[in-house]
file final_16.cif (mmCIF, C-alpha atoms, pLDDT in the B column; chains and numbers go by the auth columns)
data_my_file
loop_
_atom_site.group_PDB
_atom_site.id
_atom_site.type_symbol
_atom_site.label_atom_id
_atom_site.label_comp_id
_atom_site.label_asym_id
_atom_site.label_seq_id
_atom_site.Cartn_x
_atom_site.Cartn_y
_atom_site.Cartn_z
_atom_site.B_iso_or_equiv
_atom_site.auth_seq_id
_atom_site.auth_asym_id
ATOM 1 C CA LYS A 1 0.000 0.000 0.000 84.00 1 T
ATOM 2 C CA GLN A 2 1.438 3.349 -1.058 90.00 2 T
ATOM 3 C CA GLU A 3 2.085 5.878 1.701 93.00 3 T
ATOM 4 C CA VAL A 4 3.070 9.474 1.011 96.00 4 T
ATOM 5 C CA THR A 5 4.644 11.696 3.636 96.00 5 T
ATOM 6 C CA GLN A 6 5.341 15.398 3.457 96.00 6 T
ATOM 7 C CA ILE A 7 7.785 17.257 5.649 92.00 7 T
ATOM 8 C CA PRO A 8 7.511 19.780 7.153 91.00 8 T
ATOM 9 C CA ALA A 9 3.805 19.998 7.926 93.00 9 T
ATOM 10 C CA ALA A 10 4.068 23.774 8.153 95.00 10 T
ATOM 11 C CA LEU A 11 6.662 26.305 7.153 94.00 11 T
ATOM 12 C CA SER A 12 6.934 30.054 7.647 96.00 12 T
ATOM 13 C CA VAL A 13 9.574 32.021 5.761 96.00 13 T
ATOM 14 C CA PRO A 14 10.336 35.682 5.034 97.00 14 T
ATOM 15 C CA GLU A 15 9.624 36.963 1.563 97.00 15 T
ATOM 16 C CA GLY A 16 12.458 36.439 -0.907 97.00 16 T
ATOM 17 C CA GLU A 17 13.786 33.277 0.644 96.00 17 T
ATOM 18 C CA ASN A 18 14.367 30.122 -1.382 97.00 18 T
ATOM 19 C CA LEU A 19 12.727 27.040 0.101 95.00 19 T
ATOM 20 C CA VAL A 20 12.385 23.290 -0.348 96.00 20 T
ATOM 21 C CA LEU A 21 9.366 21.130 0.367 96.00 21 T
ATOM 22 C CA ASN A 22 9.857 17.405 0.740 96.00 22 T
ATOM 23 C CA CYS A 23 7.749 14.434 -0.265 97.00 23 T
ATOM 24 C CA SER A 24 8.550 10.772 0.286 97.00 24 T
ATOM 25 C CA PHE A 25 6.693 7.677 -0.866 96.00 25 T
ATOM 26 C CA THR A 26 7.036 4.022 0.069 95.00 26 T
ATOM 27 C CA ASP A 27 6.329 2.236 -3.220 91.00 27 T
ATOM 28 C CA SER A 28 8.610 3.220 -6.098 91.00 28 T
ATOM 29 C CA ALA A 29 6.368 1.602 -8.742 88.00 29 T
ATOM 30 C CA ILE A 30 4.789 4.851 -9.884 90.00 30 T
ATOM 31 C CA TYR A 31 3.585 6.380 -13.139 86.00 31 T
ATOM 32 C CA ASN A 32 4.081 9.937 -12.064 89.00 32 T
ATOM 33 C CA LEU A 33 4.212 12.388 -9.212 93.00 33 T
ATOM 34 C CA GLN A 34 2.233 15.606 -9.171 94.00 34 T
ATOM 35 C CA TRP A 35 2.610 18.712 -7.023 96.00 35 T
ATOM 36 C CA PHE A 36 -0.482 20.778 -6.270 95.00 36 T
ATOM 37 C CA ARG A 37 -1.240 23.903 -4.350 95.00 37 T
ATOM 38 C CA GLN A 38 -4.456 24.478 -2.468 93.00 38 T
ATOM 39 C CA ASP A 39 -5.625 27.858 -1.320 91.00 39 T
ATOM 40 C CA PRO A 40 -8.061 28.057 1.609 84.00 40 T
ATOM 41 C CA GLY A 41 -11.565 27.072 0.525 78.00 41 T
ATOM 42 C CA LYS A 42 -10.428 26.425 -3.028 82.00 42 T
ATOM 43 C CA GLY A 43 -9.709 23.400 -5.175 84.00 43 T
ATOM 44 C CA LEU A 44 -6.363 21.969 -6.151 90.00 44 T
ATOM 45 C CA THR A 45 -4.183 23.667 -8.734 91.00 45 T
ATOM 46 C CA SER A 46 -1.692 21.463 -10.528 90.00 46 T
ATOM 47 C CA LEU A 47 1.800 22.937 -10.387 95.00 47 T
ATOM 48 C CA LEU A 48 4.085 20.317 -11.880 94.00 48 T
ATOM 49 C CA LEU A 49 3.786 16.756 -13.126 91.00 49 T
ATOM 50 C CA ILE A 50 6.877 14.541 -13.270 92.00 50 T
ATOM 51 C CA GLN A 51 6.672 11.282 -15.186 89.00 51 T
ATOM 52 C CA SER A 52 8.443 8.262 -13.700 88.00 52 T
ATOM 53 C CA SER A 53 11.111 8.435 -16.407 89.00 53 T
ATOM 54 C CA GLN A 54 11.932 12.069 -15.645 91.00 54 T
ATOM 55 C CA ARG A 55 14.122 13.518 -12.951 94.00 55 T
ATOM 56 C CA GLU A 56 12.833 17.058 -12.796 94.00 56 T
ATOM 57 C CA GLN A 57 10.375 19.601 -14.117 94.00 57 T
ATOM 58 C CA THR A 58 10.493 23.377 -14.006 95.00 58 T
ATOM 59 C CA SER A 59 7.851 26.048 -14.246 94.00 59 T
ATOM 60 C CA GLY A 60 8.820 29.624 -13.539 96.00 60 T
ATOM 61 C CA ARG A 61 10.147 29.861 -9.990 97.00 61 T
ATOM 62 C CA LEU A 62 9.214 26.249 -9.277 97.00 62 T
ATOM 63 C CA ASN A 63 11.405 23.225 -9.753 97.00 63 T
ATOM 64 C CA ALA A 64 10.371 19.700 -8.828 97.00 64 T
ATOM 65 C CA SER A 65 12.742 16.769 -8.708 97.00 65 T
ATOM 66 C CA LEU A 66 12.073 13.062 -8.536 96.00 66 T
ATOM 67 C CA ASP A 67 14.308 10.270 -7.270 96.00 67 T
ATOM 68 C CA LYS A 68 12.139 7.237 -7.805 92.00 68 T
ATOM 69 C CA SER A 69 14.617 4.694 -6.449 92.00 69 T
ATOM 70 C CA SER A 70 14.810 6.419 -3.084 95.00 70 T
ATOM 71 C CA GLY A 71 11.125 7.358 -3.050 96.00 71 T
ATOM 72 C CA ARG A 72 11.642 11.096 -2.811 97.00 72 T
ATOM 73 C CA SER A 73 10.602 14.290 -4.491 97.00 73 T
ATOM 74 C CA THR A 74 11.347 17.891 -3.664 97.00 74 T
ATOM 75 C CA LEU A 75 9.625 21.092 -4.684 97.00 75 T
ATOM 76 C CA TYR A 76 11.964 24.049 -4.803 97.00 76 T
ATOM 77 C CA ILE A 77 10.461 27.532 -4.736 97.00 77 T
ATOM 78 C CA ALA A 78 12.834 30.351 -5.610 97.00 78 T
ATOM 79 C CA ALA A 79 12.488 33.898 -4.327 97.00 79 T
ATOM 80 C CA SER A 80 9.301 33.214 -2.393 96.00 80 T
ATOM 81 C CA GLN A 81 6.466 35.752 -2.453 97.00 81 T
ATOM 82 C CA PRO A 82 3.472 36.291 -0.148 96.00 82 T
ATOM 83 C CA GLY A 83 1.259 34.998 -2.985 96.00 83 T
ATOM 84 C CA ASP A 84 2.974 31.628 -2.640 97.00 84 T
ATOM 85 C CA SER A 85 1.276 31.148 0.722 97.00 85 T
ATOM 86 C CA ALA A 86 -0.888 28.033 0.413 96.00 86 T
ATOM 87 C CA THR A 87 -0.896 24.340 1.218 95.00 87 T
ATOM 88 C CA TYR A 88 1.297 22.294 -1.101 97.00 88 T
ATOM 89 C CA LEU A 89 0.319 18.712 -1.780 96.00 89 T
ATOM 90 C CA CYS A 90 2.314 15.903 -3.271 96.00 90 T
ATOM 91 C CA ALA A 91 0.393 13.125 -5.055 95.00 91 T
ATOM 92 C CA VAL A 92 1.702 9.858 -6.461 94.00 92 T
ATOM 93 C CA MET A 93 0.030 7.830 -9.193 89.00 93 T
ATOM 94 C CA ASN A 94 0.854 4.145 -8.893 83.00 94 T
ATOM 95 C CA SER A 95 1.581 1.936 -11.854 78.00 95 T
ATOM 96 C CA GLY A 96 0.083 -1.531 -12.157 66.00 96 T
ATOM 97 C CA GLY A 97 -3.096 -1.028 -14.129 60.00 97 T
ATOM 98 C CA TYR A 98 -5.092 1.555 -12.206 64.00 98 T
ATOM 99 C CA GLN A 99 -4.514 5.270 -12.060 70.00 99 T
ATOM 100 C CA LYS A 100 -5.257 5.706 -8.374 77.00 100 T
ATOM 101 C CA VAL A 101 -3.517 8.672 -6.792 87.00 101 T
ATOM 102 C CA THR A 102 -2.258 8.736 -3.220 92.00 102 T
ATOM 103 C CA PHE A 103 -1.897 12.132 -1.559 94.00 103 T
ATOM 104 C CA GLY A 104 0.382 13.340 1.180 94.00 104 T
ATOM 105 C CA THR A 105 -0.980 15.408 4.057 90.00 105 T
ATOM 106 C CA GLY A 106 0.533 18.582 2.682 94.00 106 T
ATOM 107 C CA THR A 107 2.866 21.370 3.764 96.00 107 T
ATOM 108 C CA LYS A 108 1.238 24.637 4.794 96.00 108 T
ATOM 109 C CA LEU A 109 3.469 27.469 3.648 97.00 109 T
ATOM 110 C CA GLN A 110 3.307 31.032 4.878 97.00 110 T
ATOM 111 C CA VAL A 111 5.486 33.654 3.241 97.00 111 T
ATOM 112 C CA ILE A 112 5.782 36.737 5.421 96.00 112 T
ATOM 113 C CA PRO A 113 6.087 40.115 3.677 95.00 113 T
ATOM 114 C CA GLU B 1 -11.424 25.427 -22.073 61.00 1 C
ATOM 115 C CA ALA B 2 -13.639 25.041 -19.037 78.00 2 C
ATOM 116 C CA GLY B 3 -12.168 23.223 -16.088 91.00 3 C
ATOM 117 C CA VAL B 4 -13.710 20.597 -13.843 94.00 4 C
ATOM 118 C CA THR B 5 -16.826 21.933 -12.181 95.00 5 C
ATOM 119 C CA GLN B 6 -18.641 20.662 -9.109 96.00 6 C
ATOM 120 C CA PHE B 7 -22.053 21.391 -7.700 97.00 7 C
ATOM 121 C CA PRO B 8 -22.995 22.408 -5.098 96.00 8 C
ATOM 122 C CA SER B 9 -20.026 24.200 -3.602 94.00 9 C
ATOM 123 C CA HIS B 10 -21.443 23.705 -0.100 95.00 10 C
ATOM 124 C CA SER B 11 -24.102 21.430 1.321 97.00 11 C
ATOM 125 C CA VAL B 12 -25.380 21.264 4.880 97.00 12 C
ATOM 126 C CA ILE B 13 -27.733 18.395 5.698 96.00 13 C
ATOM 127 C CA GLU B 14 -29.099 16.537 8.680 96.00 14 C
ATOM 128 C CA LYS B 15 -27.936 13.084 9.595 96.00 15 C
ATOM 129 C CA GLY B 16 -30.054 10.518 7.773 96.00 16 C
ATOM 130 C CA GLN B 17 -30.788 12.730 4.789 97.00 17 C
ATOM 131 C CA THR B 18 -29.649 12.132 1.240 97.00 18 C
ATOM 132 C CA VAL B 19 -27.257 14.318 -0.701 97.00 19 C
ATOM 133 C CA THR B 20 -26.181 14.130 -4.324 98.00 20 C
ATOM 134 C CA LEU B 21 -22.982 15.743 -5.517 98.00 21 C
ATOM 135 C CA ARG B 22 -22.336 16.439 -9.148 97.00 22 C
ATOM 136 C CA CYS B 23 -19.122 16.656 -11.149 97.00 23 C
ATOM 137 C CA ASP B 24 -18.672 17.813 -14.724 96.00 24 C
ATOM 138 C CA PRO B 25 -15.246 16.818 -16.025 96.00 25 C
ATOM 139 C CA ILE B 26 -13.274 18.589 -18.692 94.00 26 C
ATOM 140 C CA SER B 27 -14.864 17.875 -22.038 92.00 27 C
ATOM 141 C CA GLY B 28 -13.306 14.874 -23.730 89.00 28 C
ATOM 142 C CA HIS B 29 -11.708 13.445 -20.588 90.00 29 C
ATOM 143 C CA ASP B 30 -12.386 9.734 -20.295 89.00 30 C
ATOM 144 C CA ASN B 31 -11.193 9.423 -16.716 90.00 31 C
ATOM 145 C CA LEU B 32 -13.147 10.784 -13.800 94.00 32 C
ATOM 146 C CA TYR B 33 -12.146 10.408 -10.166 94.00 33 C
ATOM 147 C CA TRP B 34 -13.766 11.127 -6.842 96.00 34 C
ATOM 148 C CA TYR B 35 -11.700 11.954 -3.763 96.00 35 C
ATOM 149 C CA ARG B 36 -12.571 13.005 -0.235 96.00 36 C
ATOM 150 C CA ARG B 37 -10.802 14.964 2.447 93.00 37 C
ATOM 151 C CA VAL B 38 -12.119 14.666 5.965 92.00 38 C
ATOM 152 C CA MET B 39 -11.037 17.123 8.645 83.00 39 C
ATOM 153 C CA GLY B 40 -7.337 16.891 9.443 79.00 40 C
ATOM 154 C CA LYS B 41 -6.676 13.977 7.128 87.00 41 C
ATOM 155 C CA GLU B 42 -5.138 13.620 3.703 90.00 42 C
ATOM 156 C CA ILE B 43 -7.146 13.532 0.503 93.00 43 C
ATOM 157 C CA LYS B 44 -8.227 9.968 -0.165 94.00 44 C
ATOM 158 C CA PHE B 45 -9.261 8.231 -3.349 92.00 45 C
ATOM 159 C CA LEU B 46 -12.841 7.020 -3.588 95.00 46 C
ATOM 160 C CA LEU B 47 -13.297 5.717 -7.104 93.00 47 C
ATOM 161 C CA HIS B 48 -12.327 5.990 -10.754 92.00 48 C
ATOM 162 C CA PHE B 49 -14.504 5.902 -13.867 93.00 49 C
ATOM 163 C CA VAL B 50 -13.261 5.229 -17.347 90.00 50 C
ATOM 164 C CA LYS B 51 -16.028 6.649 -19.478 91.00 51 C
ATOM 165 C CA GLU B 52 -19.190 5.181 -17.946 93.00 52 C
ATOM 166 C CA SER B 53 -17.526 2.149 -16.327 92.00 53 C
ATOM 167 C CA LYS B 54 -16.236 1.917 -12.778 92.00 54 C
ATOM 168 C CA GLN B 55 -12.562 1.023 -13.112 88.00 55 C
ATOM 169 C CA ASP B 56 -11.698 1.052 -9.429 88.00 56 C
ATOM 170 C CA GLU B 57 -14.041 1.644 -6.522 91.00 57 C
ATOM 171 C CA SER B 58 -11.785 0.305 -3.799 89.00 58 C
ATOM 172 C CA GLY B 59 -11.871 3.596 -1.895 91.00 59 C
ATOM 173 C CA MET B 60 -15.624 3.788 -1.423 93.00 60 C
ATOM 174 C CA PRO B 61 -16.177 3.678 2.345 91.00 61 C
ATOM 175 C CA ASN B 62 -19.422 1.680 2.413 91.00 62 C
ATOM 176 C CA ASN B 63 -22.645 0.969 0.571 92.00 63 C
ATOM 177 C CA ARG B 64 -24.187 4.279 1.590 96.00 64 C
ATOM 178 C CA PHE B 65 -22.138 5.813 -1.209 96.00 65 C
ATOM 179 C CA LEU B 66 -23.247 5.369 -4.814 96.00 66 C
ATOM 180 C CA ALA B 67 -21.491 6.888 -7.804 97.00 67 C
ATOM 181 C CA GLU B 68 -22.742 6.964 -11.359 96.00 68 C
ATOM 182 C CA ARG B 69 -21.534 8.328 -14.634 96.00 69 C
ATOM 183 C CA THR B 70 -24.306 7.969 -17.135 86.00 70 C
ATOM 184 C CA GLY B 71 -23.209 8.279 -20.732 87.00 71 C
ATOM 185 C CA GLY B 72 -19.636 8.822 -19.713 83.00 72 C
ATOM 186 C CA THR B 73 -20.073 12.544 -19.189 92.00 73 C
ATOM 187 C CA TYR B 74 -20.903 14.039 -15.811 96.00 74 C
ATOM 188 C CA SER B 75 -20.905 12.000 -12.621 97.00 75 C
ATOM 189 C CA THR B 76 -22.953 12.009 -9.449 97.00 76 C
ATOM 190 C CA LEU B 77 -22.022 10.808 -5.992 98.00 77 C
ATOM 191 C CA LYS B 78 -24.966 10.070 -3.746 97.00 78 C
ATOM 192 C CA VAL B 79 -24.721 9.587 -0.016 96.00 79 C
ATOM 193 C CA GLN B 80 -27.767 7.882 1.475 96.00 80 C
ATOM 194 C CA PRO B 81 -28.320 8.068 4.388 96.00 81 C
ATOM 195 C CA ALA B 82 -25.666 10.582 5.392 96.00 82 C
ATOM 196 C CA GLU B 83 -23.784 10.129 8.667 96.00 83 C
ATOM 197 C CA LEU B 84 -21.772 12.611 10.710 95.00 84 C
ATOM 198 C CA GLU B 85 -18.453 11.089 9.611 95.00 85 C
ATOM 199 C CA ASP B 86 -19.290 11.790 5.976 96.00 86 C
ATOM 200 C CA SER B 87 -18.561 15.476 6.518 96.00 87 C
ATOM 201 C CA GLY B 88 -15.627 16.738 4.508 95.00 88 C
ATOM 202 C CA VAL B 89 -14.661 18.094 1.126 95.00 89 C
ATOM 203 C CA TYR B 90 -15.399 15.956 -1.894 97.00 90 C
ATOM 204 C CA PHE B 91 -13.186 16.551 -4.893 96.00 91 C
ATOM 205 C CA CYS B 92 -13.636 15.435 -8.441 96.00 92 C
ATOM 206 C CA ALA B 93 -10.825 15.200 -10.974 94.00 93 C
ATOM 207 C CA SER B 94 -10.536 14.225 -14.609 92.00 94 C
ATOM 208 C CA SER B 95 -7.761 13.230 -16.954 88.00 95 C
ATOM 209 C CA HIS B 96 -7.536 12.594 -20.626 83.00 96 C
ATOM 210 C CA GLN B 97 -7.346 9.047 -21.850 69.00 97 C
ATOM 211 C CA TRP B 98 -7.286 5.685 -20.174 56.00 98 C
ATOM 212 C CA GLY B 99 -4.127 3.703 -20.723 57.00 99 C
ATOM 213 C CA ARG B 100 -2.095 6.611 -22.023 55.00 100 C
ATOM 214 C CA ARG B 101 0.963 7.912 -20.244 55.00 101 C
ATOM 215 C CA GLY B 102 2.658 11.221 -20.231 54.00 102 C
ATOM 216 C CA ALA B 103 0.558 14.319 -20.070 53.00 103 C
ATOM 217 C CA TYR B 104 -2.590 12.243 -20.426 58.00 104 C
ATOM 218 C CA ASN B 105 -2.199 11.117 -16.825 75.00 105 C
ATOM 219 C CA GLU B 106 -2.339 14.621 -15.415 81.00 106 C
ATOM 220 C CA GLN B 107 -5.369 15.027 -13.223 86.00 107 C
ATOM 221 C CA PHE B 108 -7.250 18.305 -13.109 89.00 108 C
ATOM 222 C CA PHE B 109 -9.273 18.959 -10.012 91.00 109 C
ATOM 223 C CA GLY B 110 -12.504 20.744 -9.414 93.00 110 C
ATOM 224 C CA PRO B 111 -13.038 23.211 -6.554 92.00 111 C
ATOM 225 C CA GLY B 112 -14.672 20.589 -4.358 94.00 112 C
ATOM 226 C CA THR B 113 -17.987 20.320 -2.547 96.00 113 C
ATOM 227 C CA ARG B 114 -17.887 20.968 1.180 95.00 114 C
ATOM 228 C CA LEU B 115 -20.378 18.634 2.865 97.00 115 C
ATOM 229 C CA THR B 116 -21.450 19.187 6.437 96.00 116 C
ATOM 230 C CA VAL B 117 -23.645 16.599 8.126 96.00 117 C
ATOM 231 C CA LEU B 118 -25.269 17.809 11.347 96.00 118 C
#
call {"tool": "encode", "arguments": {"input": "final_16.cif", "output": "structure tokens"}}
result
Amino acid sequence: KQEVTQIPAALSVPEGENLVLNCSFTDSAIYNLQWFRQDPGKGLTSLLLIQSSQREQTSGRLNASLDKSSGRSTLYIAASQPGDSATYLCAVMNSGGYQKVTFGTGTKLQVIP
Amino acid sequence: EAGVTQFPSHSVIEKGQTVTLRCDPISGHDNLYWYRRVMGKEIKFLLHFVKESKQDESGMPNNRFLAERTGGTYSTLKVQPAELEDSGVYFCASSHQWGRRGAYNEQFFGPGTRLTVL
């Protein structure tokens, strides 16, 4: 059974700082890993999708890496801004026939102006 | 292109009542998923449709939950009768094509329906 863990659970940083969010998963047989952000009372916004054959993806100030063999992914946010404040979720899609996604509990990020 | 939409955005019902949630996926997406987040817990998978067929319903908590996707378009999730522990946010997601990899796997989520059972 896939288990996804995110550390830290909460993070508060001053504006402008670079930061790293961590995600670990127990079963390396995955199709892909997806990073989302969720704003309070809102749905999930997809940030980056990394296929199992890839090692990283970049979008603007965001960079996500994937080390499938060790069961880890990181989301790097450069030059953080107050608008980055949200909960960041890591989700893993297992291989093996079904496309079920397992979510982590999330990291709540606060960027202080 | 319109995203995934869900209706209603909020629902407050009494224990024992019935509630039906609706999800409209992105047009042309074969895959439709239901997820649920209860207070303080992670988002958990409920079930997966490929077109009108249930591909995986291993996450459905019990037989009080019934999901349908008539004609392979929108889907409904009915809870009957609702219990207190059913409170939470119900998310729907869709992705492109079954069996395809790459960008076709990417799931797009709706805003969720917040269900409160009193």
call {"tool": "interface_residues", "arguments": {"input": "final_16.cif", "of": "chain T", "to": "chain C", "cutoff": "7 Å", "atoms": "all atoms listed in the file", "output": "MDAnalysis selection string"}}
result
chainID T and resid 42:44 46 49 51 100:105
call {"tool": "resolve_selection", "arguments": {"input": "final_16.cif", "expression": "the PyMOL selection byres ((chain T and resi 37) around 8)", "output": "ChimeraX atom specification"}}
result
/T:35-36,38-39,44-47,86-89
call {"tool": "resolve_selection", "arguments": {"input": "final_16.cif", "expression": "the PyMOL selection byres ((chain C and resi 65-82) around 10)", "output": "VMD selection string"}}
result
chain C and resid 4 to 7 13 to 34 46 to 54 57 60 to 64 83 to 87 90 92 115 to 118
call {"tool": "axis_aligned_box", "arguments": {"input": "final_16.cif", "around": "region 41-44 of chain T", "padding_each_side": "5 Å", "output": "JSON"}}
result
{"center_x": -9.0, "center_y": 24.5, "center_z": -2.8, "size_x": 15.2, "size_y": 15.1, "size_z": 16.7}
call {"tool": "resolve_selection", "arguments": {"input": "final_16.cif", "expression": "the PyMOL selection byres ((chain T and resi 54) around 10)", "output": "number ranges by chain"}}
result
T: 32, 49-53, 55-57, 65-68
call {"tool": "atom_distance", "arguments": {"input": "final_16.cif", "atom1": "CA of Pro82 (chain T)", "atom2": "CA of Gln34 (chain T)"}}
result
22.6 Å
call {"tool": "residues_around", "arguments": {"input": "final_16.cif", "residues": "Pro14 (chain T)", "least_positions_apart": "2", "cutoff": "10 Å", "atoms": "all atoms listed in the file", "output": "PDB file with C-alpha atoms, in the coordinates of the input"}}
result
ATOM      1  CA  SER T  12       6.934  30.054   7.647  1.00 96.00           C
ATOM      2  CA  GLY T  16      12.458  36.439  -0.907  1.00 97.00           C
ATOM      3  CA  GLU T  17      13.786  33.277   0.644  1.00 96.00           C
ATOM      4  CA  ASN T  18      14.367  30.122  -1.382  1.00 97.00           C
ATOM      5  CA  ALA T  79      12.488  33.898  -4.327  1.00 97.00           C
ATOM      6  CA  SER T  80       9.301  33.214  -2.393  1.00 96.00           C
ATOM      7  CA  GLN T  81       6.466  35.752  -2.453  1.00 97.00           C
ATOM      8  CA  PRO T  82       3.472  36.291  -0.148  1.00 96.00           C
ATOM      9  CA  GLN T 110       3.307  31.032   4.878  1.00 97.00           C
ATOM     10  CA  VAL T 111       5.486  33.654   3.241  1.00 97.00           C
ATOM     11  CA  ILE T 112       5.782  36.737   5.421  1.00 96.00           C
ATOM     12  CA  PRO T 113       6.087  40.115   3.677  1.00 95.00           C
TER      13      PRO T 113
END
call {"tool": "atom_distance", "arguments": {"input": "final_16.cif", "atom1": "CA of Asn94 (chain T)", "atom2": "CA of Ser70 (chain T)"}}
result
15.3 Å
call {"tool": "atom_distance", "arguments": {"input": "final_16.cif", "atom1": "CA of Thr107 (chain T)", "atom2": "CA of His10 (chain C)"}}
result
24.7 Å
call {"tool": "closest_residue", "arguments": {"input": "final_16.cif", "among": "T:Val13, T:Ser24, T:Lys1, T:Leu19", "to": "Ala91 (chain T)", "atoms": "all atoms listed in the file"}}
result
T:Ser24
